[in-house]
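K.L.:
Data: protein-v6.csv, CSV, C-alpha atoms and all ligand atoms.
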chain,number,residue,atom,x,y,z
A,241,MET,CA,12.9,-8.1,14.7
A,242,LEU,CA,13.2,-11.5,12.9
A,243,ASP,CA,16.4,-13.5,12.6
A,244,GLY,CA,18.5,-10.6,13.8
A,245,LYS,CA,17.3,-8.1,11.2
A,246,LYS,CA,14.7,-5.4,11.6
A,247,THR,CA,11.4,-6.3,9.9
A,248,LEU,CA,9.4,-4.3,7.5
A,249,PHE,CA,5.8,-5.1,6.3
A,250,SER,CA,3.5,-3.5,3.9
A,251,GLY,CA,0.6,-4.4,1.6
A,252,MET,CA,-1.8,-3.2,-1.0
A,253,GLN,CA,-5.3,-4.2,-1.9
A,254,ALA,CA,-6.0,-5.8,-5.3
A,255,THR,CA,-9.2,-3.8,-5.5
A,256,GLY,CA,-8.5,-2.0,-8.8
A,257,ASN,CA,-5.8,-0.9,-11.2
A,258,ILE,CA,-2.9,0.3,-9.2
A,259,THR,CA,-2.3,4.1,-9.6
A,260,LEU,CA,0.6,6.5,-9.7
A,261,GLY,CA,-0.5,7.4,-6.1
A,262,ASN,CA,0.0,3.9,-4.9
A,263,TYR,CA,3.4,3.8,-6.7
A,264,MET,CA,4.7,7.1,-5.4
A,265,GLY,CA,3.2,6.9,-1.9
A,266,ALA,CA,4.1,3.3,-1.2
A,267,LEU,CA,5.6,1.0,-3.8
A,268,LYS,CA,8.5,3.3,-4.8
A,269,ASN,CA,9.6,3.6,-1.2
A,270,TRP,CA,9.7,-0.2,-0.8
A,271,ILE,CA,12.5,-0.7,-3.3
A,272,THR,CA,16.1,-0.7,-1.8
A,273,LEU,CA,14.9,-1.4,1.7
A,274,ASP,CA,15.8,-5.0,1.5
A,275,GLU,CA,19.5,-4.5,2.6
A,276,GLU,CA,18.5,-3.0,5.9
A,277,TYR,CA,15.3,-5.0,6.6
A,278,GLN,CA,13.7,-8.4,6.4
A,279,CYS,CA,10.9,-7.3,4.1
A,280,PHE,CA,7.4,-8.7,3.6
A,281,TYR,CA,5.1,-7.4,0.9
A,282,CYS,CA,1.6,-8.8,0.9
A,283,VAL,CA,-1.2,-8.6,-1.6
A,284,VAL,CA,-4.0,-8.2,0.9
A,285,ASP,CA,-6.8,-10.1,-0.7
A,286,LEU,CA,-8.6,-10.8,2.6
A,287,HIS,CA,-9.0,-7.0,2.9
A,288,SER,CA,-10.3,-6.8,-0.6
A,289,ILE,CA,-13.5,-8.7,0.0
A,290,THR,CA,-14.7,-6.1,2.5
A,291,VAL,CA,-16.1,-4.6,-0.7
A,292,ARG,CA,-18.0,-6.9,-3.0
A,293,GLN,CA,-15.6,-8.4,-5.7
A,294,ASP,CA,-16.1,-10.4,-8.9
A,295,PRO,CA,-14.1,-13.6,-8.0
A,296,ALA,CA,-12.4,-14.1,-11.4
A,297,GLU,CA,-11.5,-10.4,-11.6
A,298,LEU,CA,-10.1,-10.4,-8.0
A,299,ARG,CA,-7.9,-13.4,-8.7
A,300,LYS,CA,-6.6,-11.7,-11.9
A,301,ARG,CA,-5.9,-8.4,-10.2
A,302,ALA,CA,-4.2,-10.1,-7.3
A,303,ARG,CA,-1.8,-11.8,-9.7
A,304,THR,CA,-1.2,-8.5,-11.6
A,305,LEU,CA,-0.4,-6.7,-8.4
A,306,LEU,CA,2.0,-9.4,-7.2
A,307,THR,CA,3.7,-9.3,-10.6
A,308,LEU,CA,3.8,-5.5,-10.5
A,309,TYR,CA,5.6,-5.6,-7.1
A,310,ILE,CA,8.4,-7.5,-8.9
A,311,ALA,CA,8.3,-5.4,-12.1
A,312,ALA,CA,8.6,-2.2,-10.0
A,313,GLY,CA,11.9,-3.5,-8.7
A,314,LEU,CA,11.3,-5.7,-5.7
A,315,ASP,CA,13.6,-8.7,-5.8
A,316,PRO,CA,11.4,-11.7,-4.9
A,317,VAL,CA,14.3,-13.6,-3.4
A,318,LYS,CA,15.3,-10.8,-1.0
A,319,ASN,CA,11.7,-9.7,-0.3
A,320,CYS,CA,8.9,-12.0,0.7
A,321,ILE,CA,6.1,-11.3,-1.7
A,322,TYR,CA,3.0,-13.3,-1.2
A,323,TYR,CA,-0.8,-13.5,-1.0
A,324,GLN,CA,-2.4,-12.8,2.4
A,325,SER,CA,-4.9,-15.6,1.8
A,326,HIS,CA,-2.1,-18.2,1.5
A,327,VAL,CA,-1.1,-17.5,5.1
A,328,SER,CA,-3.9,-18.5,7.4
A,329,GLY,CA,-2.1,-16.8,10.4
A,330,HIS,CA,-3.4,-13.5,9.3
A,331,ALA,CA,-7.1,-14.4,9.9
A,332,GLU,CA,-6.3,-16.4,13.0
A,333,LEU,CA,-4.4,-13.6,14.7
A,334,SER,CA,-7.0,-11.1,13.5
A,335,TRP,CA,-9.7,-13.0,15.5
A,336,ILE,CA,-7.6,-12.9,18.6
A,337,LEU,CA,-6.9,-9.2,18.2
A,338,ASN,CA,-10.6,-8.5,17.7
A,339,CYS,CA,-11.0,-9.5,21.3
A,340,PHE,CA,-8.5,-6.8,22.3
A,341,THR,CA,-10.0,-3.9,20.2
A,342,TYR,CA,-12.8,-1.7,21.3
A,343,MET,CA,-15.8,-0.7,19.2
A,344,GLY,CA,-15.2,2.9,20.1
A,345,GLU,CA,-11.7,2.8,18.6
A,346,LEU,CA,-13.0,1.3,15.4
A,347,ASN,CA,-15.8,3.8,15.2
A,348,ARG,CA,-13.2,6.6,14.9
A,349,MET,CA,-11.6,5.2,11.8
A,350,THR,CA,-12.0,7.7,8.9
A,351,GLN,CA,-11.5,5.0,6.3
A,352,PHE,CA,-14.4,3.1,7.7
A,353,LYS,CA,-16.5,6.3,7.6
A,354,ASP,CA,-15.5,7.0,4.0
A,355,LYS,CA,-15.9,3.5,2.7
A,356,SER,CA,-19.3,2.9,4.4
A,357,ALA,CA,-20.6,6.2,2.9
A,358,LYS,CA,-19.4,4.9,-0.5
A,359,HIS,CA,-20.9,1.4,-0.1
A,360,ALA,CA,-24.0,2.2,1.9
A,361,ASP,CA,-25.7,-1.0,0.7
A,362,ASN,CA,-22.9,-3.2,2.1
A,363,ILE,CA,-21.7,-2.0,5.5
A,364,ASN,CA,-20.4,-5.4,6.6
A,365,ALA,CA,-18.6,-6.3,9.8
A,366,GLY,CA,-15.4,-7.0,7.9
A,367,LEU,CA,-15.3,-3.4,6.7
A,368,PHE,CA,-15.6,-2.3,10.4
A,369,THR,CA,-12.9,-4.6,11.7
A,370,TYR,CA,-10.6,-4.0,8.7
A,371,PRO,CA,-8.0,-2.2,10.8
A,372,VAL,CA,-7.8,-5.2,13.1
A,373,LEU,CA,-6.9,-7.5,10.2
A,374,MET,CA,-4.3,-4.9,9.2
A,375,ALA,CA,-2.9,-4.9,12.7
A,376,ALA,CA,-2.7,-8.7,12.5
A,377,ASP,CA,-0.8,-8.4,9.2
A,378,ILE,CA,1.8,-6.1,10.8
A,379,LEU,CA,2.1,-7.8,14.2
A,380,LEU,CA,2.3,-11.3,12.8
A,381,PHE,CA,5.8,-10.5,11.5
A,382,GLN,CA,7.0,-8.5,14.5
A,383,SER,CA,7.4,-5.6,12.1
A,384,ASP,CA,9.5,-2.6,13.1
A,385,VAL,CA,8.6,-0.5,10.2
A,386,VAL,CA,5.5,-0.1,7.9
A,387,PRO,CA,5.9,2.1,4.8
A,388,VAL,CA,2.5,3.5,3.8
A,389,GLY,CA,0.9,6.6,2.3
A,390,VAL,CA,-0.3,9.2,4.8
A,391,ASP,CA,-3.9,8.0,4.6
A,392,GLN,CA,-2.9,4.9,6.5
A,393,LYS,CA,-1.4,6.7,9.5
A,394,GLN,CA,-4.5,6.2,11.6
A,395,HIS,CA,-4.5,2.5,11.0
A,396,LEU,CA,-0.9,2.4,12.2
A,397,GLU,CA,-1.9,4.2,15.4
A,398,ILE,CA,-4.6,1.7,16.2
A,399,THR,CA,-2.1,-1.1,15.5
A,400,ARG,CA,0.3,0.3,18.0
A,401,ASP,CA,-2.5,0.8,20.6
A,402,ILE,CA,-3.7,-2.9,20.2
A,403,ALA,CA,-0.1,-4.1,20.4
A,404,GLU,CA,0.6,-2.1,23.5
A,405,ARG,CA,-2.6,-3.2,25.1
A,406,PHE,CA,-1.8,-6.9,24.5
A,407,ASN,CA,1.8,-6.4,25.7
A,408,SER,CA,0.7,-4.7,28.9
A,409,ILE,CA,-1.4,-7.8,29.7
A,410,TYR,CA,0.9,-10.6,28.5
A,411,GLY,CA,4.4,-9.2,28.5
A,412,ASP,CA,6.5,-8.3,25.5
A,413,VAL,CA,4.8,-10.3,22.8
A,414,PHE,CA,4.7,-7.8,19.9
A,415,THR,CA,7.2,-5.4,18.4
A,416,ILE,CA,5.6,-1.9,18.3
A,417,PRO,CA,5.7,-0.8,14.7
A,418,GLU,CA,6.5,2.7,13.3
A,419,PRO,CA,5.0,4.1,10.2
A,420,TYR,CA,7.4,5.1,7.4
A,421,ILE,CA,5.9,7.9,5.3
A,422,GLY,CA,7.8,9.4,2.4
A,423,LYS,CA,8.4,13.1,2.4
A,424,VAL,CA,7.2,13.8,-1.1
A,425,GLY,CA,4.5,11.8,-2.9
A,426,ALA,CA,2.8,10.6,0.4
A,427,LYS,CA,-0.4,12.0,-1.0
A,428,ILE,CA,-0.8,12.2,-4.7
A,429,MET,CA,-4.1,14.0,-5.6
A,430,SER,CA,-6.7,13.3,-8.2
A,431,LEU,CA,-6.0,14.9,-11.6
A,432,GLN,CA,-9.7,15.9,-11.8
A,433,ASP,CA,-10.2,17.2,-8.3
A,434,PRO,CA,-6.9,18.0,-6.6
A,435,THR,CA,-8.5,18.3,-3.2
A,436,LYS,CA,-9.2,14.5,-3.2
A,437,LYS,CA,-6.6,11.8,-3.1
A,438,MET,CA,-5.9,9.8,-6.3
A,439,SER,CA,-7.6,6.5,-5.7
A,440,LYS,CA,-7.9,3.3,-7.7
A,441,SER,CA,-11.5,3.1,-6.9
A,442,ASP,CA,-12.3,6.5,-8.5
A,443,GLU,CA,-14.9,6.1,-11.2
A,444,ASN,CA,-13.5,8.8,-13.3
A,445,ILE,CA,-10.6,7.2,-15.2
A,446,ASN,CA,-9.2,10.6,-16.1
A,447,ALA,CA,-8.6,11.3,-12.4
A,448,SER,CA,-5.9,8.7,-12.0
A,449,ILE,CA,-2.8,7.6,-13.9
A,450,TYR,CA,-2.7,3.8,-13.9
A,451,LEU,CA,0.6,2.0,-13.9
A,452,MET,CA,-0.4,0.3,-17.1
A,453,ASP,CA,-1.5,3.4,-19.0
A,454,ASP,CA,0.2,3.8,-22.3
A,455,PRO,CA,2.3,7.0,-23.0
A,456,ASP,CA,-0.4,8.7,-25.0
A,457,THR,CA,-3.0,8.2,-22.3
A,458,ILE,CA,-0.6,9.5,-19.7
A,459,ILE,CA,0.2,12.6,-21.6
A,460,ARG,CA,-3.5,13.2,-22.4
A,461,LYS,CA,-4.5,12.8,-18.8
A,462,PHE,CA,-1.9,15.3,-17.6
A,463,LYS,CA,-2.9,17.8,-20.3
A,464,ARG,CA,-6.4,17.6,-19.0
A,465,ALA,CA,-5.4,17.9,-15.3
A,466,VAL,CA,-7.5,20.4,-13.4
A,467,THR,CA,-5.5,23.5,-12.3
A,468,ASP,CA,-6.2,27.2,-11.6
A,469,SER,CA,-5.9,29.7,-14.5
A,470,ASP,CA,-3.3,32.2,-13.3
A,471,ASN,CA,-0.5,30.4,-15.2
A,472,GLN,CA,2.1,30.6,-12.5
A,473,ILE,CA,4.0,27.6,-11.3
A,474,LEU,CA,4.2,28.0,-7.5
A,475,TYR,CA,4.1,25.5,-4.7
A,476,ASN,CA,1.3,26.4,-2.2
A,477,ASP,CA,-2.0,25.2,-0.9
A,478,GLU,CA,-4.0,27.8,-2.8
A,479,LYS,CA,-2.9,26.1,-6.0
A,480,PRO,CA,-3.6,22.4,-5.2
A,481,GLY,CA,-3.6,21.3,-8.9
A,482,ILE,CA,-0.2,22.8,-9.6
A,483,LYS,CA,1.2,21.7,-6.2
A,484,ASN,CA,0.2,18.1,-7.1
A,485,LEU,CA,1.9,18.3,-10.5
A,486,ILE,CA,5.0,19.7,-8.9
A,487,ASP,CA,5.0,16.8,-6.4
A,488,ILE,CA,4.6,14.3,-9.2
A,489,TYR,CA,7.4,15.8,-11.2
A,490,SER,CA,9.6,16.0,-8.1
A,491,VAL,CA,9.2,12.3,-7.4
A,492,SER,CA,9.6,11.3,-11.1
A,493,THR,CA,12.8,13.2,-11.5
A,494,ASN,CA,14.2,13.0,-8.0
A,495,LYS,CA,14.5,16.8,-7.9
A,496,THR,CA,13.6,18.9,-4.9
A,497,ILE,CA,10.5,21.1,-4.9
A,498,ASP,CA,12.7,24.2,-5.0
A,499,GLU,CA,14.6,22.9,-8.0
A,500,VAL,CA,11.3,22.2,-9.8
A,501,VAL,CA,9.8,25.6,-9.1
A,502,LYS,CA,13.0,27.2,-10.4
A,503,GLU,CA,13.1,25.1,-13.5
A,504,PHE,CA,9.6,26.1,-14.5
A,505,ASP,CA,9.8,29.8,-13.6
A,506,GLY,CA,8.0,31.7,-16.4
A,507,VAL,CA,6.9,28.5,-18.2
A,508,GLY,CA,3.2,28.2,-19.2
A,509,TYR,CA,0.9,25.5,-17.8
A,510,GLY,CA,0.7,23.7,-21.2
A,511,ASP,CA,4.5,23.1,-21.4
A,512,PHE,CA,4.7,22.2,-17.7
A,513,LYS,CA,1.9,19.6,-17.9
A,514,LEU,CA,3.7,18.0,-20.9
A,515,ALA,CA,7.0,17.9,-19.0
A,516,VAL,CA,5.2,16.2,-16.0
A,517,GLY,CA,3.5,13.7,-18.4
A,518,GLU,CA,6.9,12.9,-20.0
A,519,SER,CA,8.6,12.4,-16.7
A,520,VAL,CA,5.9,10.0,-15.6
A,521,VAL,CA,6.2,8.0,-18.9
A,522,SER,CA,9.9,7.6,-18.4
A,523,VAL,CA,9.3,6.2,-14.9
A,524,LEU,CA,6.5,3.8,-15.9
A,525,LYS,CA,7.7,2.5,-19.2
A,526,PRO,CA,10.5,0.3,-17.8
A,527,ILE,CA,8.0,-1.1,-15.2
A,528,GLN,CA,5.5,-1.9,-18.0
A,529,ASP,CA,8.2,-3.6,-20.1
A,530,LYS,CA,9.3,-5.7,-17.2
A,531,PHE,CA,5.7,-6.6,-16.3
A,532,ALA,CA,5.1,-7.8,-19.9
A,533,GLN,CA,8.2,-9.9,-19.8
A,534,LEU,CA,7.3,-11.4,-16.3
A,535,THR,CA,3.7,-12.3,-17.3
A,536,LYS,CA,5.1,-14.6,-20.0
A,537,ASP,CA,6.9,-16.7,-17.5
A,538,LYS,CA,4.1,-18.4,-15.6
A,539,ASP,CA,6.3,-21.0,-13.9
A,540,TYR,CA,8.6,-18.4,-12.6
A,541,ILE,CA,5.8,-16.4,-10.9
A,542,ASP,CA,4.2,-19.6,-9.6
A,543,GLY,CA,7.5,-20.6,-8.0
A,544,ILE,CA,7.7,-17.3,-6.2
A,545,ILE,CA,4.2,-17.6,-5.0
A,546,LYS,CA,4.8,-21.0,-3.6
A,547,ASP,CA,8.2,-20.4,-2.0
A,548,ASN,CA,7.3,-17.1,-0.5
A,549,ALA,CA,4.0,-18.3,1.0
A,550,GLU,CA,6.0,-21.0,2.7
A,551,LYS,CA,8.5,-18.5,4.1
A,552,ALA,CA,5.8,-16.2,5.3
A,553,ASN,CA,3.9,-19.1,6.9
A,554,TYR,CA,7.0,-20.1,8.8
A,555,PHE,CA,7.5,-16.7,10.4
A,556,ALA,CA,3.7,-16.1,10.9
A,557,THR,CA,3.3,-19.5,12.7
A,558,LYS,CA,6.1,-18.6,15.1
A,559,THR,CA,4.3,-15.5,16.3
A,560,LEU,CA,0.8,-17.1,16.2
A,561,ARG,CA,1.9,-20.0,18.4
A,562,LYS,CA,3.3,-17.6,21.0
A,563,VAL,CA,0.1,-15.6,21.0
A,564,GLN,CA,-2.1,-18.6,21.3
A,565,LYS,CA,-0.1,-19.9,24.3
A,566,LYS,CA,-0.3,-16.4,26.0
A,567,VAL,CA,-4.0,-16.2,25.7
A,568,GLY,CA,-4.5,-19.7,27.1
A,569,PHE,CA,-5.2,-22.0,24.2
A,570,PRO,CA,-4.2,-25.6,24.8
A,571,GLU,CA,-0.8,-26.8,23.6
A,572,ARG,CA,-0.8,-28.9,20.4
A,573,VAL,CA,-0.1,-32.6,20.8
A,574,ARG,CA,2.6,-33.7,18.4
A,601,LIG,P1,-8.9,2.3,-2.8
A,601,LIG,O1,-9.2,3.4,-3.8
A,601,LIG,O2,-9.4,1.0,-3.2
A,601,LIG,O3,-9.3,2.7,-1.4
A,601,LIG,P2,-6.2,3.1,-2.7
A,601,LIG,O4,-5.9,3.6,-4.1
A,601,LIG,O5,-6.4,4.1,-1.6
A,601,LIG,O6,-7.4,2.1,-2.8
A,601,LIG,P3,-4.8,1.1,-1.2
A,601,LIG,O7,-4.7,-0.3,-1.7
A,601,LIG,O8,-5.7,1.4,-0.1
A,601,LIG,O9,-5.0,2.1,-2.4
A,601,LIG,O10,-3.3,1.6,-0.7
A,601,LIG,C1,-2.1,1.0,-1.1
A,601,LIG,C2,-1.0,1.9,-0.6
A,601,LIG,O11,-0.9,3.1,-1.4
A,601,LIG,C3,-1.1,2.5,0.8
A,601,LIG,O12,0.1,2.5,1.4
A,601,LIG,C4,-1.7,3.9,0.6
A,601,LIG,O13,-1.3,4.7,1.7
A,601,LIG,C5,-1.0,4.3,-0.6
A,601,LIG,N1,-1.8,5.3,-1.4
A,601,LIG,C6,-3.0,5.1,-1.9
A,601,LIG,N2,-3.4,6.2,-2.5
A,601,LIG,C7,-2.4,7.1,-2.5
A,601,LIG,C8,-2.2,8.4,-2.9
A,601,LIG,N3,-3.1,9.0,-3.6
A,601,LIG,N4,-1.0,9.0,-2.7
A,601,LIG,C9,0.0,8.4,-2.0
A,601,LIG,N5,-0.2,7.2,-1.5
A,601,LIG,C10,-1.3,6.5,-1.7
A,602,LIG,N1,-5.1,-0.9,4.6
A,602,LIG,C1,-4.1,-0.7,3.6
A,602,LIG,C2,-3.6,-2.0,3.0
A,602,LIG,C3,-3.0,-2.8,4.0
A,602,LIG,C4,-1.7,-2.6,4.7
A,602,LIG,C5,-1.6,-3.7,5.6
A,602,LIG,C6,-0.7,-1.7,4.6
A,602,LIG,C7,-3.5,-3.9,4.6
A,602,LIG,N2,-2.7,-4.5,5.5
A,602,LIG,C8,-0.5,-3.8,6.4
A,602,LIG,C9,0.4,-1.8,5.4
A,602,LIG,C10,0.5,-2.8,6.3
A,602,LIG,C11,-4.7,0.3,2.6
A,602,LIG,O1,-5.8,0.3,2.5
A,602,LIG,N3,-3.9,0.9,1.9
Will you turn the file into structure tokens for me?
Ligand code: ATP
Ligand code: LTN

P.N.:
Amino acid sequence: MLDGKKTLFSGMQATGNITLGNYMGALKNWITLDEEYQCFYCVVDLHSITVRQDPAELRKRARTLLTLYIAAGLDPVKNCIYYQSHVSGHAELSWILNCFTYMGELNRMTQFKDKSAKHADNINAGLFTYPVLMAADILLFQSDVVPVGVDQKQHLEITRDIAERFNSIYGDVFTIPEPYIGKVGAKIMSLQDPTKKMSKSDENINASIYLMDDPDTIIRKFKRAVTDSDNQILYNDEKPGIKNLIDIYSVSTNKTIDEVVKEFDGVGYGDFKLAVGESVVSVLKPIQDKFAQLTKDKDYIDGIIKDNAEKANYFATKTLRKVQKKVGFPERVR
């Protein structure tokens, strides 16, 4: 709770080109929440360097991601959209929380296991303590709600555990956050291997739809999407490829799963894939147009970056000072 309104926090890494999975699992659910909540949406660039990055590329991607937040419909006046690296409280609180997190807890994190298998040559300490930084992001703003895709549920659980542990020692310092996971679209799967989640770090570009893909590319990728061959459009786990396409169509058109299954009863896979592709084009085209328009206005985006970093810093400092006092750091002399 901040200034009498419930608080919401979420973030994305600028580690690659943002995908339809990121959009449907996270970003789409962020729009329209600003009436009810005080919203903070961060580009988590500190998290990004847990995997080696090209500096110029990271800077460019971070700006693209921040601009995409706005292009997708987040109003930057009502929502605080900023870079994590511009608010030093994230790193400072993260250090403190590291001292309240057990190695055993971090050892259980599946994302750490996955990422360290993928980057066996660079299993750095930051990758291991990544969830603590994420906990700091969330707790710094006394967040009540955190909208994420289902893959982040475990990180939310450890955040709650750390917050409860801290509160049990020092009193009610942190709000205990709840995850907010959308019903449909919480896990969009790869178009090339529907048993794996669509991921921006997938090397196969045909496995993911990127938010910046042009209409022809989108249609082509859907046409090539891996499915079974029994040509029946049914929603069940034995048909992961078709199930994924039904999910995508359902999110794109705001129709229920039952409505979609009925609509495509007796239709062949070719026509169904085309319809899914077209529905996604109609969702992404307006975002792409808005993005193109926003990138032309450098001063406008710069202004948002500056103003929102100040706003985020203000709230972050409030929590940080309270925590520093609780753990016993000396008061600042004014
Ligand atoms: P990476 O491939 O670099 O691990 P990622 O594509 O998993 O990245 P993140 O930046 O880790 O993306 O996630 C941003 C947000 O998007 C998170 O809330 C995450 O839960 C959500 N998300 C990521 N992939 C999917 C997906 N396939 N379906 C639904 N939500 C997703
Ligand atoms: N770990 C998340 C990104 C992330 C995040 C956060 C999400 C970092 N800090 C705080 C929600 C709240 C990911 O990999 N998707």

K.L.:
Name the residues in contact with Asn407 in chain A at a cut-off of 12 Å, using all atoms listed in the file, excluding same-chain residues fewer than 5 positions from it; report them as a PyMOL selection string.

P.N.:
chain A and resi 337+340+379+400-402+412-416+563+566-567

K.L.:
Given the choices A:Gln293, A:Arg561, A:Leu308, A:Asn257, which gets closest to Gln533 in chain A if the distance is worked out from only C-alpha atoms?

P.N.:
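Smallest separation from Gln533 in chain A among the options: A:Leu308.
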
K.L.:
Pull the closest atom pair for each residue of chain A that gets at most 6 Å from ligand LIG 602 (chain A), along with the distance in Å to one decimal, counting all atoms listed in the file, ordering rows by chain and then ascending residue number, as a Markdown table.

P.N.:
| residue | atom | partner | partner_atom | distance |
| --- | --- | --- | --- | --- |
| A:Phe249 | CA | A:LIG602 | C10 | 5.8 |
| A:Ser250 | CA | A:LIG602 | C9 | 3.8 |
| A:Gly251 | CA | A:LIG602 | C6 | 4.2 |
| A:Met252 | CA | A:LIG602 | C2 | 4.5 |
| A:Gln253 | CA | A:LIG602 | C2 | 5.6 |
| A:Val284 | CA | A:LIG602 | C7 | 5.7 |
| A:Met374 | CA | A:LIG602 | N2 | 4.1 |
| A:Asp377 | CA | A:LIG602 | C8 | 5.4 |
| A:Ile378 | CA | A:LIG602 | C8 | 5.5 |
| A:Val386 | CA | A:LIG602 | C10 | 5.9 |
| A:Val388 | CA | A:LIG602 | C9 | 5.9 |

K.L.:
Contacts between ligand LIG 601 (chain A) and chain A, please, where a residue of chain A counts if it comes within 6 Å (with all atoms listed in the file); show its shortest atom pair and distance in Å to one decimal, rows by chain and ascending number, as CSV.

P.N.:
residue,atom,partner,partner_atom,distance
A:Met252,CA,A:LIG601,O7,4.2
A:Gln253,CA,A:LIG601,O7,4.0
A:Thr255,CA,A:LIG601,O2,5.3
A:Gly261,CA,A:LIG601,C8,3.8
A:Asn262,CA,A:LIG601,O11,3.7
A:Met264,CA,A:LIG601,C9,5.9
A:Gly265,CA,A:LIG601,N5,3.4
A:Ala266,CA,A:LIG601,O12,4.8
A:Val388,CA,A:LIG601,O12,3.5
A:Gly389,CA,A:LIG601,O13,3.0
A:Val390,CA,A:LIG601,O13,5.6
A:Asp391,CA,A:LIG601,O13,5.1
A:Gln392,CA,A:LIG601,O13,5.1
A:Gly425,CA,A:LIG601,C9,5.7
A:Ala426,CA,A:LIG601,C9,4.3
A:Lys427,CA,A:LIG601,N4,3.5
A:Ile428,CA,A:LIG601,N4,3.8
A:Met429,CA,A:LIG601,N3,5.5
A:Lys437,CA,A:LIG601,N3,4.5
A:Met438,CA,A:LIG601,N3,4.0
A:Ser439,CA,A:LIG601,O4,3.7
A:Lys440,CA,A:LIG601,O1,4.1
A:Ser441,CA,A:LIG601,O1,3.9

K.L.:
Please determine, counting all atoms listed in the file, which residue among A:Ser334, A:Leu306, A:Gly344, A:Val385 has the shortest atom-to-atom distance to Glu276 in chain A.

P.N.:
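Counting all atoms listed in the file, the residue closest to Glu276 in chain A is A:Val385.
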
K.L.:
With distances taken over all atoms listed in the file, which of A:Thr259, A:Asn446, A:Ser383, A:Thr467 is nearest to Tyr420 in chain A?

P.N.:
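With all atoms listed in the file as the atom set, the closest residue is A:Ser383.
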
K.L.:
Give me, please, the distance in Å between CA of Gly329 in chain A and CA of Thr559 in chain A, quoted to one decimal.

P.N.:
8.8 Å

K.L.:
Near Glu345 in chain A, counting all atoms listed in the file, which residues have an atom at most 12 Å away, once you skip same-chain residues fewer than 3 positions from it, shown as a PyMOL selection string?

P.N.:
chain A and resi 338+340-342+348-350+352+368-369+371-372+394-395+397-399+401-402

K.L.:
Let me make sure I understand: among A:Val327, A:Leu560, A:Val523, A:Leu431, which one has the smallest atom-to-atom distance to Gly313 in chain A if we use all atoms listed in the file?

P.N.:
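Looking at the shortest contact to Gly313 in chain A, the residue is A:Val523.
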
K.L.:
Can you tell me, as an MDAnalysis selection string, what residues are no more than 8 Å from Ser492 in chain A when counting all atoms listed in the file, ignoring any on the same chain fewer than 2 positions away?

P.N.:
chainID A and resid 488:490 494 519:520 523

K.L.:
Of the candidates A:Leu524, A:Leu534, A:Ala311, A:Ala376, which one gets nearest to Glu332 in chain A if we count only C-alpha atoms?

P.N.:
A:Ala376
